[in-house]
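Below: data-v5.cif (mmCIF, N, CA and C atoms)
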data_coords
loop_
_atom_site.label_atom_id
_atom_site.label_comp_id
_atom_site.auth_asym_id
_atom_site.auth_seq_id
_atom_site.Cartn_x
_atom_site.Cartn_y
_atom_site.Cartn_z
N MET Y 24 2.31 -24.31 25.97
CA MET Y 24 2.60 -25.13 24.83
C MET Y 24 3.76 -24.48 24.06
N PRO Y 25 4.79 -25.24 23.78
CA PRO Y 25 5.93 -24.66 23.04
C PRO Y 25 5.63 -24.53 21.55
N VAL Y 26 6.37 -23.65 20.91
CA VAL Y 26 6.29 -23.51 19.46
C VAL Y 26 7.00 -24.71 18.84
N THR Y 27 6.28 -25.45 18.00
CA THR Y 27 6.85 -26.61 17.33
C THR Y 27 6.58 -26.46 15.83
N VAL Y 28 7.64 -26.14 15.09
CA VAL Y 28 7.51 -25.96 13.65
C VAL Y 28 7.01 -27.25 13.02
N GLY Y 29 6.01 -27.11 12.15
CA GLY Y 29 5.42 -28.27 11.49
C GLY Y 29 4.27 -28.88 12.25
N THR Y 30 4.04 -28.41 13.48
CA THR Y 30 2.94 -28.91 14.30
C THR Y 30 1.97 -27.80 14.66
N ASN Y 31 2.51 -26.68 15.19
CA ASN Y 31 1.64 -25.57 15.58
C ASN Y 31 2.19 -24.21 15.14
N SER Y 32 3.20 -24.23 14.28
CA SER Y 32 3.82 -23.00 13.83
C SER Y 32 4.61 -23.24 12.55
N TRP Y 33 4.83 -22.16 11.83
CA TRP Y 33 5.73 -22.22 10.66
C TRP Y 33 7.09 -21.65 11.00
N VAL Y 34 7.18 -20.89 12.08
CA VAL Y 34 8.45 -20.26 12.46
C VAL Y 34 8.77 -20.52 13.92
N THR Y 35 10.04 -20.47 14.23
CA THR Y 35 10.49 -20.54 15.61
C THR Y 35 10.47 -19.14 16.20
N VAL Y 36 10.60 -19.05 17.50
CA VAL Y 36 10.69 -17.74 18.13
C VAL Y 36 11.94 -17.02 17.62
N ALA Y 37 13.04 -17.74 17.46
CA ALA Y 37 14.27 -17.12 16.96
C ALA Y 37 14.08 -16.56 15.54
N GLU Y 38 13.37 -17.28 14.68
CA GLU Y 38 13.11 -16.78 13.33
C GLU Y 38 12.24 -15.52 13.38
N ALA Y 39 11.25 -15.53 14.25
CA ALA Y 39 10.39 -14.34 14.40
C ALA Y 39 11.22 -13.17 14.93
N ASP Y 40 12.11 -13.44 15.87
CA ASP Y 40 12.99 -12.38 16.39
C ASP Y 40 13.81 -11.76 15.27
N THR Y 41 14.37 -12.60 14.41
CA THR Y 41 15.18 -12.11 13.29
C THR Y 41 14.33 -11.30 12.32
N TYR Y 42 13.17 -11.81 11.97
CA TYR Y 42 12.29 -11.12 11.03
C TYR Y 42 11.86 -9.76 11.59
N LEU Y 43 11.36 -9.75 12.82
CA LEU Y 43 10.81 -8.53 13.38
C LEU Y 43 11.88 -7.53 13.80
N ALA Y 44 13.12 -7.98 13.95
CA ALA Y 44 14.22 -7.06 14.25
C ALA Y 44 14.48 -6.11 13.08
N THR Y 45 14.11 -6.55 11.89
CA THR Y 45 14.35 -5.71 10.71
C THR Y 45 13.07 -5.04 10.21
N ARG Y 46 11.97 -5.22 10.92
CA ARG Y 46 10.71 -4.60 10.51
C ARG Y 46 10.58 -3.25 11.17
N TYR Y 47 10.38 -2.23 10.37
CA TYR Y 47 10.23 -0.88 10.91
C TYR Y 47 9.05 -0.83 11.88
N GLY Y 48 9.27 -0.23 13.04
CA GLY Y 48 8.20 -0.04 14.01
C GLY Y 48 7.96 -1.22 14.93
N ALA Y 49 8.73 -2.28 14.79
CA ALA Y 49 8.49 -3.47 15.61
C ALA Y 49 9.58 -3.69 16.66
N SER Y 50 10.27 -2.66 17.04
CA SER Y 50 11.38 -2.82 17.99
C SER Y 50 10.91 -3.33 19.36
N ALA Y 51 9.65 -3.10 19.72
CA ALA Y 51 9.13 -3.57 21.01
C ALA Y 51 9.10 -5.09 21.09
N TRP Y 52 9.09 -5.78 19.94
CA TRP Y 52 9.07 -7.25 19.94
C TRP Y 52 10.25 -7.79 20.76
N ALA Y 53 11.42 -7.19 20.61
CA ALA Y 53 12.61 -7.67 21.30
C ALA Y 53 12.44 -7.66 22.82
N GLY Y 54 11.62 -6.77 23.34
CA GLY Y 54 11.43 -6.68 24.78
C GLY Y 54 10.35 -7.59 25.34
N LEU Y 55 9.64 -8.30 24.47
CA LEU Y 55 8.59 -9.20 24.96
C LEU Y 55 9.21 -10.44 25.59
N SER Y 56 8.49 -11.01 26.51
CA SER Y 56 8.97 -12.24 27.14
C SER Y 56 8.86 -13.41 26.17
N PRO Y 57 9.66 -14.46 26.36
CA PRO Y 57 9.52 -15.64 25.51
C PRO Y 57 8.10 -16.21 25.53
N ALA Y 58 7.45 -16.15 26.69
CA ALA Y 58 6.07 -16.67 26.79
C ALA Y 58 5.11 -15.84 25.94
N ASP Y 59 5.28 -14.50 25.95
CA ASP Y 59 4.41 -13.65 25.13
C ASP Y 59 4.67 -13.88 23.64
N LYS Y 60 5.93 -14.00 23.25
CA LYS Y 60 6.26 -14.26 21.85
C LYS Y 60 5.65 -15.59 21.40
N THR Y 61 5.77 -16.60 22.26
CA THR Y 61 5.19 -17.91 21.94
C THR Y 61 3.68 -17.80 21.76
N ALA Y 62 3.02 -17.14 22.70
CA ALA Y 62 1.56 -17.00 22.62
C ALA Y 62 1.15 -16.25 21.35
N LEU Y 63 1.87 -15.21 21.00
CA LEU Y 63 1.56 -14.44 19.79
C LEU Y 63 1.77 -15.28 18.53
N LEU Y 64 2.86 -16.03 18.47
CA LEU Y 64 3.12 -16.87 17.30
C LEU Y 64 2.07 -17.97 17.16
N LEU Y 65 1.69 -18.60 18.27
CA LEU Y 65 0.68 -19.66 18.21
C LEU Y 65 -0.68 -19.09 17.82
N THR Y 66 -1.02 -17.92 18.36
CA THR Y 66 -2.28 -17.27 18.00
C THR Y 66 -2.30 -16.92 16.52
N ALA Y 67 -1.21 -16.37 16.03
CA ALA Y 67 -1.13 -15.99 14.62
C ALA Y 67 -1.24 -17.21 13.70
N CYS Y 68 -0.59 -18.28 14.06
CA CYS Y 68 -0.66 -19.49 13.25
C CYS Y 68 -2.09 -20.02 13.20
N SER Y 69 -2.74 -20.09 14.33
CA SER Y 69 -4.13 -20.55 14.37
C SER Y 69 -5.03 -19.63 13.56
N TRP Y 70 -4.84 -18.33 13.71
CA TRP Y 70 -5.64 -17.34 13.00
C TRP Y 70 -5.51 -17.52 11.50
N LEU Y 71 -4.29 -17.69 11.01
CA LEU Y 71 -4.07 -17.88 9.58
C LEU Y 71 -4.64 -19.21 9.09
N ARG Y 72 -4.50 -20.26 9.88
CA ARG Y 72 -4.96 -21.58 9.46
C ARG Y 72 -6.49 -21.68 9.48
N LEU Y 73 -7.16 -20.89 10.30
CA LEU Y 73 -8.61 -20.98 10.42
C LEU Y 73 -9.36 -20.03 9.49
N GLN Y 74 -8.66 -19.30 8.65
CA GLN Y 74 -9.32 -18.36 7.76
C GLN Y 74 -10.06 -19.09 6.67
N ALA Y 75 -11.34 -18.79 6.54
CA ALA Y 75 -12.15 -19.38 5.47
C ALA Y 75 -11.58 -18.93 4.13
N GLY Y 76 -11.49 -19.86 3.21
CA GLY Y 76 -11.00 -19.54 1.88
C GLY Y 76 -9.52 -19.72 1.69
N PHE Y 77 -8.80 -20.03 2.77
CA PHE Y 77 -7.36 -20.23 2.68
C PHE Y 77 -7.00 -21.60 3.26
N SER Y 78 -5.99 -22.20 2.68
CA SER Y 78 -5.54 -23.50 3.16
C SER Y 78 -4.02 -23.56 3.08
N ILE Y 79 -3.38 -23.37 4.23
CA ILE Y 79 -1.92 -23.40 4.30
C ILE Y 79 -1.51 -24.64 5.07
N PRO Y 80 -0.76 -25.55 4.46
CA PRO Y 80 -0.31 -26.73 5.19
C PRO Y 80 0.58 -26.33 6.36
N ILE Y 81 0.40 -26.94 7.49
CA ILE Y 81 1.21 -26.62 8.67
C ILE Y 81 2.67 -26.97 8.43
N THR Y 82 2.92 -27.82 7.47
CA THR Y 82 4.30 -28.22 7.16
C THR Y 82 4.96 -27.30 6.13
N SER Y 83 4.27 -26.23 5.71
CA SER Y 83 4.83 -25.32 4.72
C SER Y 83 6.13 -24.71 5.22
N THR Y 84 7.07 -24.58 4.31
CA THR Y 84 8.33 -23.90 4.60
C THR Y 84 8.47 -22.64 3.74
N ASP Y 85 7.38 -22.23 3.12
CA ASP Y 85 7.35 -21.06 2.26
C ASP Y 85 7.74 -19.81 3.06
N THR Y 86 8.68 -19.06 2.54
CA THR Y 86 9.15 -17.85 3.21
C THR Y 86 8.01 -16.85 3.41
N VAL Y 87 7.10 -16.78 2.46
CA VAL Y 87 5.97 -15.85 2.56
C VAL Y 87 5.05 -16.24 3.71
N VAL Y 88 4.84 -17.53 3.91
CA VAL Y 88 4.01 -17.99 5.02
C VAL Y 88 4.67 -17.64 6.35
N LYS Y 89 5.96 -17.84 6.44
CA LYS Y 89 6.69 -17.49 7.66
C LYS Y 89 6.59 -15.99 7.94
N ALA Y 90 6.75 -15.19 6.88
CA ALA Y 90 6.63 -13.73 7.04
C ALA Y 90 5.22 -13.35 7.47
N ALA Y 91 4.22 -14.01 6.87
CA ALA Y 91 2.82 -13.72 7.24
C ALA Y 91 2.57 -14.05 8.71
N GLN Y 92 3.13 -15.15 9.20
CA GLN Y 92 2.95 -15.48 10.61
C GLN Y 92 3.61 -14.44 11.51
N CYS Y 93 4.80 -13.99 11.13
CA CYS Y 93 5.46 -12.94 11.92
C CYS Y 93 4.65 -11.65 11.89
N GLU Y 94 4.17 -11.26 10.71
CA GLU Y 94 3.36 -10.05 10.59
C GLU Y 94 2.05 -10.18 11.38
N ALA Y 95 1.42 -11.34 11.31
CA ALA Y 95 0.18 -11.55 12.06
C ALA Y 95 0.44 -11.52 13.56
N SER Y 96 1.58 -12.03 13.99
CA SER Y 96 1.94 -11.97 15.42
C SER Y 96 2.08 -10.53 15.88
N TRP Y 97 2.77 -9.73 15.07
CA TRP Y 97 2.94 -8.32 15.40
C TRP Y 97 1.60 -7.59 15.39
N PHE Y 98 0.74 -7.91 14.42
CA PHE Y 98 -0.60 -7.33 14.36
C PHE Y 98 -1.36 -7.64 15.66
N TRP Y 99 -1.31 -8.90 16.11
CA TRP Y 99 -2.01 -9.28 17.34
C TRP Y 99 -1.46 -8.55 18.54
N TYR Y 100 -0.16 -8.35 18.57
CA TYR Y 100 0.44 -7.59 19.68
C TYR Y 100 -0.12 -6.17 19.71
N LEU Y 101 -0.19 -5.55 18.55
CA LEU Y 101 -0.65 -4.16 18.47
C LEU Y 101 -2.16 -4.00 18.57
N HIS Y 102 -2.92 -4.92 17.95
CA HIS Y 102 -4.36 -4.70 17.76
C HIS Y 102 -5.25 -5.86 18.21
N GLY Y 103 -4.70 -6.88 18.80
CA GLY Y 103 -5.48 -8.06 19.13
C GLY Y 103 -6.67 -7.80 20.03
N GLU Y 104 -6.49 -7.00 21.04
CA GLU Y 104 -7.58 -6.72 21.97
C GLU Y 104 -8.74 -6.02 21.26
N GLU Y 105 -8.42 -5.02 20.44
CA GLU Y 105 -9.46 -4.31 19.70
C GLU Y 105 -10.14 -5.24 18.68
N TRP Y 106 -9.35 -6.08 18.03
CA TRP Y 106 -9.88 -7.03 17.03
C TRP Y 106 -10.88 -7.98 17.70
N ASP Y 107 -10.48 -8.51 18.86
CA ASP Y 107 -11.37 -9.42 19.59
C ASP Y 107 -12.66 -8.74 20.02
N LYS Y 108 -12.57 -7.50 20.48
CA LYS Y 108 -13.77 -6.77 20.90
C LYS Y 108 -14.73 -6.57 19.74
N ARG Y 109 -14.20 -6.18 18.58
CA ARG Y 109 -15.06 -5.97 17.42
C ARG Y 109 -15.65 -7.29 16.92
N ALA Y 110 -14.86 -8.34 16.96
CA ALA Y 110 -15.37 -9.66 16.56
C ALA Y 110 -16.50 -10.10 17.49
N ALA Y 111 -16.34 -9.86 18.79
CA ALA Y 111 -17.38 -10.23 19.75
C ALA Y 111 -18.65 -9.40 19.53
N LEU Y 112 -18.49 -8.11 19.27
CA LEU Y 112 -19.65 -7.27 18.98
C LEU Y 112 -20.37 -7.77 17.74
N TYR Y 113 -19.62 -8.06 16.69
CA TYR Y 113 -20.22 -8.54 15.45
C TYR Y 113 -20.94 -9.87 15.68
N ALA Y 114 -20.30 -10.77 16.42
CA ALA Y 114 -20.90 -12.08 16.71
C ALA Y 114 -22.20 -11.95 17.51
N SER Y 115 -22.31 -10.89 18.31
CA SER Y 115 -23.52 -10.71 19.10
C SER Y 115 -24.60 -9.93 18.36
N GLY Y 116 -24.34 -9.59 17.09
CA GLY Y 116 -25.36 -8.94 16.28
C GLY Y 116 -25.18 -7.45 16.06
N VAL Y 117 -24.19 -6.85 16.69
CA VAL Y 117 -23.96 -5.42 16.51
C VAL Y 117 -23.34 -5.19 15.14
N ARG Y 118 -23.91 -4.27 14.36
CA ARG Y 118 -23.38 -3.96 13.04
C ARG Y 118 -22.85 -2.53 12.96
N SER Y 119 -23.25 -1.70 13.90
CA SER Y 119 -22.72 -0.35 13.99
C SER Y 119 -22.98 0.17 15.40
N PHE Y 120 -22.18 1.17 15.78
CA PHE Y 120 -22.39 1.78 17.08
C PHE Y 120 -21.88 3.21 17.04
N THR Y 121 -22.37 4.01 17.98
CA THR Y 121 -21.97 5.40 18.08
C THR Y 121 -21.63 5.70 19.53
N VAL Y 122 -20.52 6.38 19.72
CA VAL Y 122 -20.11 6.85 21.03
C VAL Y 122 -19.86 8.34 20.88
N MET Y 123 -20.71 9.12 21.50
CA MET Y 123 -20.70 10.57 21.37
C MET Y 123 -20.77 10.94 19.88
N SER Y 124 -19.75 11.58 19.32
CA SER Y 124 -19.81 11.97 17.92
C SER Y 124 -19.04 11.01 17.01
N TRP Y 125 -18.57 9.92 17.53
CA TRP Y 125 -17.80 8.95 16.75
C TRP Y 125 -18.65 7.71 16.51
N SER Y 126 -18.68 7.23 15.27
CA SER Y 126 -19.44 6.03 14.97
C SER Y 126 -18.59 5.08 14.15
N GLU Y 127 -18.98 3.81 14.19
CA GLU Y 127 -18.25 2.79 13.46
C GLU Y 127 -19.23 1.74 12.96
N SER Y 128 -19.01 1.28 11.73
CA SER Y 128 -19.77 0.16 11.17
C SER Y 128 -18.87 -1.06 11.21
N LEU Y 129 -19.44 -2.18 11.58
CA LEU Y 129 -18.66 -3.41 11.69
C LEU Y 129 -18.99 -4.35 10.54
N SER Y 130 -18.00 -5.11 10.14
CA SER Y 130 -18.22 -6.16 9.14
C SER Y 130 -17.69 -7.46 9.74
N ALA Y 131 -18.02 -8.56 9.09
CA ALA Y 131 -17.55 -9.85 9.59
C ALA Y 131 -16.04 -9.84 9.70
N PRO Y 132 -15.49 -10.26 10.84
CA PRO Y 132 -14.04 -10.22 11.01
C PRO Y 132 -13.33 -11.18 10.06
N SER Y 133 -12.29 -10.70 9.45
CA SER Y 133 -11.44 -11.53 8.61
C SER Y 133 -10.04 -10.94 8.63
N LEU Y 134 -9.14 -11.60 7.98
CA LEU Y 134 -7.77 -11.09 7.92
C LEU Y 134 -7.76 -9.71 7.27
N PRO Y 135 -6.89 -8.84 7.72
CA PRO Y 135 -6.72 -7.58 7.01
C PRO Y 135 -6.29 -7.86 5.56
N GLU Y 136 -6.69 -7.01 4.65
CA GLU Y 136 -6.40 -7.23 3.23
C GLU Y 136 -4.90 -7.36 2.95
N TRP Y 137 -4.07 -6.58 3.61
CA TRP Y 137 -2.63 -6.65 3.36
C TRP Y 137 -2.07 -8.02 3.77
N LEU Y 138 -2.67 -8.64 4.79
CA LEU Y 138 -2.22 -9.96 5.23
C LEU Y 138 -2.73 -11.04 4.27
N LYS Y 139 -3.96 -10.88 3.79
CA LYS Y 139 -4.49 -11.81 2.79
C LYS Y 139 -3.60 -11.81 1.55
N SER Y 140 -3.16 -10.62 1.15
CA SER Y 140 -2.34 -10.54 -0.06
C SER Y 140 -1.02 -11.28 0.10
N MET Y 141 -0.54 -11.41 1.32
CA MET Y 141 0.71 -12.15 1.54
C MET Y 141 0.53 -13.64 1.29
N ILE Y 142 -0.66 -14.17 1.58
CA ILE Y 142 -0.88 -15.62 1.47
C ILE Y 142 -1.84 -15.98 0.35
N ILE Y 143 -1.99 -15.10 -0.62
CA ILE Y 143 -2.95 -15.31 -1.71
C ILE Y 143 -2.70 -16.62 -2.45
N THR Y 144 -1.48 -17.08 -2.52
CA THR Y 144 -1.20 -18.33 -3.23
C THR Y 144 -1.84 -19.52 -2.54
N TYR Y 145 -2.30 -19.35 -1.31
CA TYR Y 145 -2.95 -20.43 -0.57
C TYR Y 145 -4.46 -20.28 -0.53
N ALA Y 146 -4.98 -19.36 -1.33
CA ALA Y 146 -6.43 -19.20 -1.43
C ALA Y 146 -6.99 -20.42 -2.13
N ASP Y 147 -8.05 -20.99 -1.58
CA ASP Y 147 -8.65 -22.19 -2.15
C ASP Y 147 -9.08 -21.93 -3.59
N GLY Y 148 -8.55 -22.74 -4.49
CA GLY Y 148 -8.94 -22.66 -5.89
C GLY Y 148 -8.32 -21.49 -6.64
N ALA Y 149 -7.51 -20.70 -5.98
CA ALA Y 149 -6.93 -19.53 -6.64
C ALA Y 149 -5.58 -19.88 -7.26
N VAL Y 150 -5.33 -19.28 -8.37
CA VAL Y 150 -4.02 -19.39 -8.99
C VAL Y 150 -3.43 -17.99 -8.98
N TYR Y 151 -2.36 -17.82 -8.28
CA TYR Y 151 -1.77 -16.50 -8.13
C TYR Y 151 -0.78 -16.25 -9.26
N LYS Y 152 -1.00 -15.15 -9.95
CA LYS Y 152 -0.08 -14.72 -11.00
C LYS Y 152 0.35 -13.31 -10.68
N PRO Y 153 1.60 -13.14 -10.28
CA PRO Y 153 2.05 -11.78 -9.96
C PRO Y 153 1.88 -10.84 -11.14
N THR Y 154 1.55 -9.62 -10.85
CA THR Y 154 1.39 -8.61 -11.88
C THR Y 154 2.75 -8.30 -12.48
N ALA Y 155 2.79 -8.28 -13.79
CA ALA Y 155 4.05 -7.94 -14.46
C ALA Y 155 4.38 -6.49 -14.18
N HIS Y 156 5.63 -6.21 -13.94
CA HIS Y 156 6.07 -4.84 -13.69
C HIS Y 156 6.73 -4.29 -14.94
N ARG Y 157 6.44 -3.05 -15.22
CA ARG Y 157 7.07 -2.39 -16.36
C ARG Y 157 8.48 -1.98 -15.99
N SER Y 158 9.34 -2.06 -16.95
CA SER Y 158 10.67 -1.49 -16.75
C SER Y 158 10.74 -0.21 -17.59
N TYR Y 159 11.27 0.80 -17.02
CA TYR Y 159 11.34 2.10 -17.69
C TYR Y 159 12.74 2.41 -18.11
#

structure tokens encoding of this file:
Amino acid sequence: MPVTVGTNSWVTVAEADTYLATRYGASAWAGLSPADKTALLLTACSWLRLQAGFSIPITSTDTVVKAAQCEASWFWYLHGEEWDKRAALYASGVRSFTVMSWSESLSAPSLPEWLKSMIITYADGAVYKPTAHRSY
């Protein structure tokens, strides 16, 4: 399925390329195949649109939404497999586990907090007011 802005994505592959070319630590994005970039962008768009408590119109042209999709795509590239494994464990009833001397507690999977903060203006019923910054 191709990336179609306004239907299944907020950004084109070219826009994501431009965004991620300037993001520190994301140089590997340039080496991904067009098919992988497409899959990551479509996954990120679906992930953002399906988050409980958030409502982003697919027709949004908001720069922050586009950035969030690019960031979510990069997150999925780096951590998607681990995220899916933890989500599957949580869905099957596992709340914590221990492997040798390492243990982890699981919570219901949701967007990372830093990604939520990017799209806070689309939180259902929320009115976002940026914090005033002091000038010194």

Find the residues near region 116-119 of chain Y: any atom within 8 Å, counting only C-alpha atoms, skip ones fewer than 2 places away on the same chain, and give them as JSON, numbers by chain.
{"Y": [112, 113, 114, 121, 126, 127, 128, 129, 130]}

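Interatomic distance, CA of Trp52 (chain Y) to CA of Trp137 (chain Y): 20.3 Å.
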
Take the PyMOL selection byres ((chain Y and resi 25) around 8), apply it to the structure above, and return the hits as a list in words.
Met24, Val26, Thr27, Val28, Asn31, Ser32, Thr61, Ala62 and Leu65 of chain Y

Report the centre and edge lengths, in Å to one decimal, of an axis-aligned box enclosing every atom of region 140-144 of chain Y listed in the file, padded by 6 Å on each side, as JSON.
{"center_x": -1.2, "center_y": -15.0, "center_z": -0.8, "size_x": 15.9, "size_y": 21.0, "size_z": 16.8}

Please report the interatomic distance between atom N of Ala44 (chain Y) and CA of Thr82 (chain Y) in Å with one decimal.
23.1 Å

Looking only at strand (DSSP E) from DSSP on the backbone, list the matching residues of chain Y as a ChimeraX atom specification.
/Y:119-122,125-128

Report, in Å with one decimal, the straight-line distance from CA of Glu94 (chain Y) to CA of Ala49 (chain Y).
9.7 Å

Counting all atoms listed in the file, which residue out of Y:Gln92, Y:Ser133, Y:Ser78, Y:Ser83 sits closest to Tyr145 (chain Y)?
Y:Ser78

Can I get a file of region 110-126 of chain Y from the given structure, N, CA and C atoms kept, as a compact mmCIF listing (two decimals), in the first residue's frame?
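Generated file (selection.txt):
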# COMPACT_ATOMS: atom_id res chain seq x y z
N ALA Y 110 3.91 -5.62 24.53
CA ALA Y 110 2.45 -5.48 24.38
C ALA Y 110 1.78 -6.85 24.38
N ALA Y 111 2.40 -7.82 23.69
CA ALA Y 111 1.83 -9.18 23.65
C ALA Y 111 1.88 -9.83 25.03
N LEU Y 112 2.97 -9.64 25.75
CA LEU Y 112 3.06 -10.18 27.11
C LEU Y 112 1.98 -9.57 27.99
N TYR Y 113 1.82 -8.25 27.92
CA TYR Y 113 0.82 -7.58 28.73
C TYR Y 113 -0.58 -8.07 28.38
N ALA Y 114 -0.86 -8.20 27.08
CA ALA Y 114 -2.17 -8.66 26.62
C ALA Y 114 -2.47 -10.08 27.09
N SER Y 115 -1.43 -10.89 27.30
CA SER Y 115 -1.64 -12.26 27.75
C SER Y 115 -1.68 -12.38 29.27
N GLY Y 116 -1.60 -11.24 29.97
CA GLY Y 116 -1.74 -11.26 31.42
C GLY Y 116 -0.45 -11.11 32.20
N VAL Y 117 0.68 -11.09 31.54
CA VAL Y 117 1.95 -10.94 32.24
C VAL Y 117 2.09 -9.49 32.70
N ARG Y 118 2.40 -9.29 33.99
CA ARG Y 118 2.58 -7.95 34.52
C ARG Y 118 4.01 -7.70 34.98
N SER Y 119 4.76 -8.77 35.17
CA SER Y 119 6.18 -8.65 35.49
C SER Y 119 6.85 -9.97 35.16
N PHE Y 120 8.16 -9.90 34.97
CA PHE Y 120 8.92 -11.12 34.72
C PHE Y 120 10.35 -10.92 35.16
N THR Y 121 11.03 -12.03 35.39
CA THR Y 121 12.42 -12.00 35.81
C THR Y 121 13.20 -12.99 34.96
N VAL Y 122 14.35 -12.54 34.49
CA VAL Y 122 15.28 -13.40 33.76
C VAL Y 122 16.62 -13.27 34.47
N MET Y 123 17.02 -14.34 35.10
CA MET Y 123 18.22 -14.36 35.93
C MET Y 123 18.12 -13.25 36.98
N SER Y 124 19.00 -12.25 36.95
CA SER Y 124 18.94 -11.20 37.97
C SER Y 124 18.27 -9.93 37.45
N TRP Y 125 17.70 -9.97 36.29
CA TRP Y 125 17.05 -8.80 35.70
C TRP Y 125 15.54 -9.00 35.72
N SER Y 126 14.81 -7.97 36.17
CA SER Y 126 13.36 -8.08 36.19
C SER Y 126 12.75 -6.83 35.58
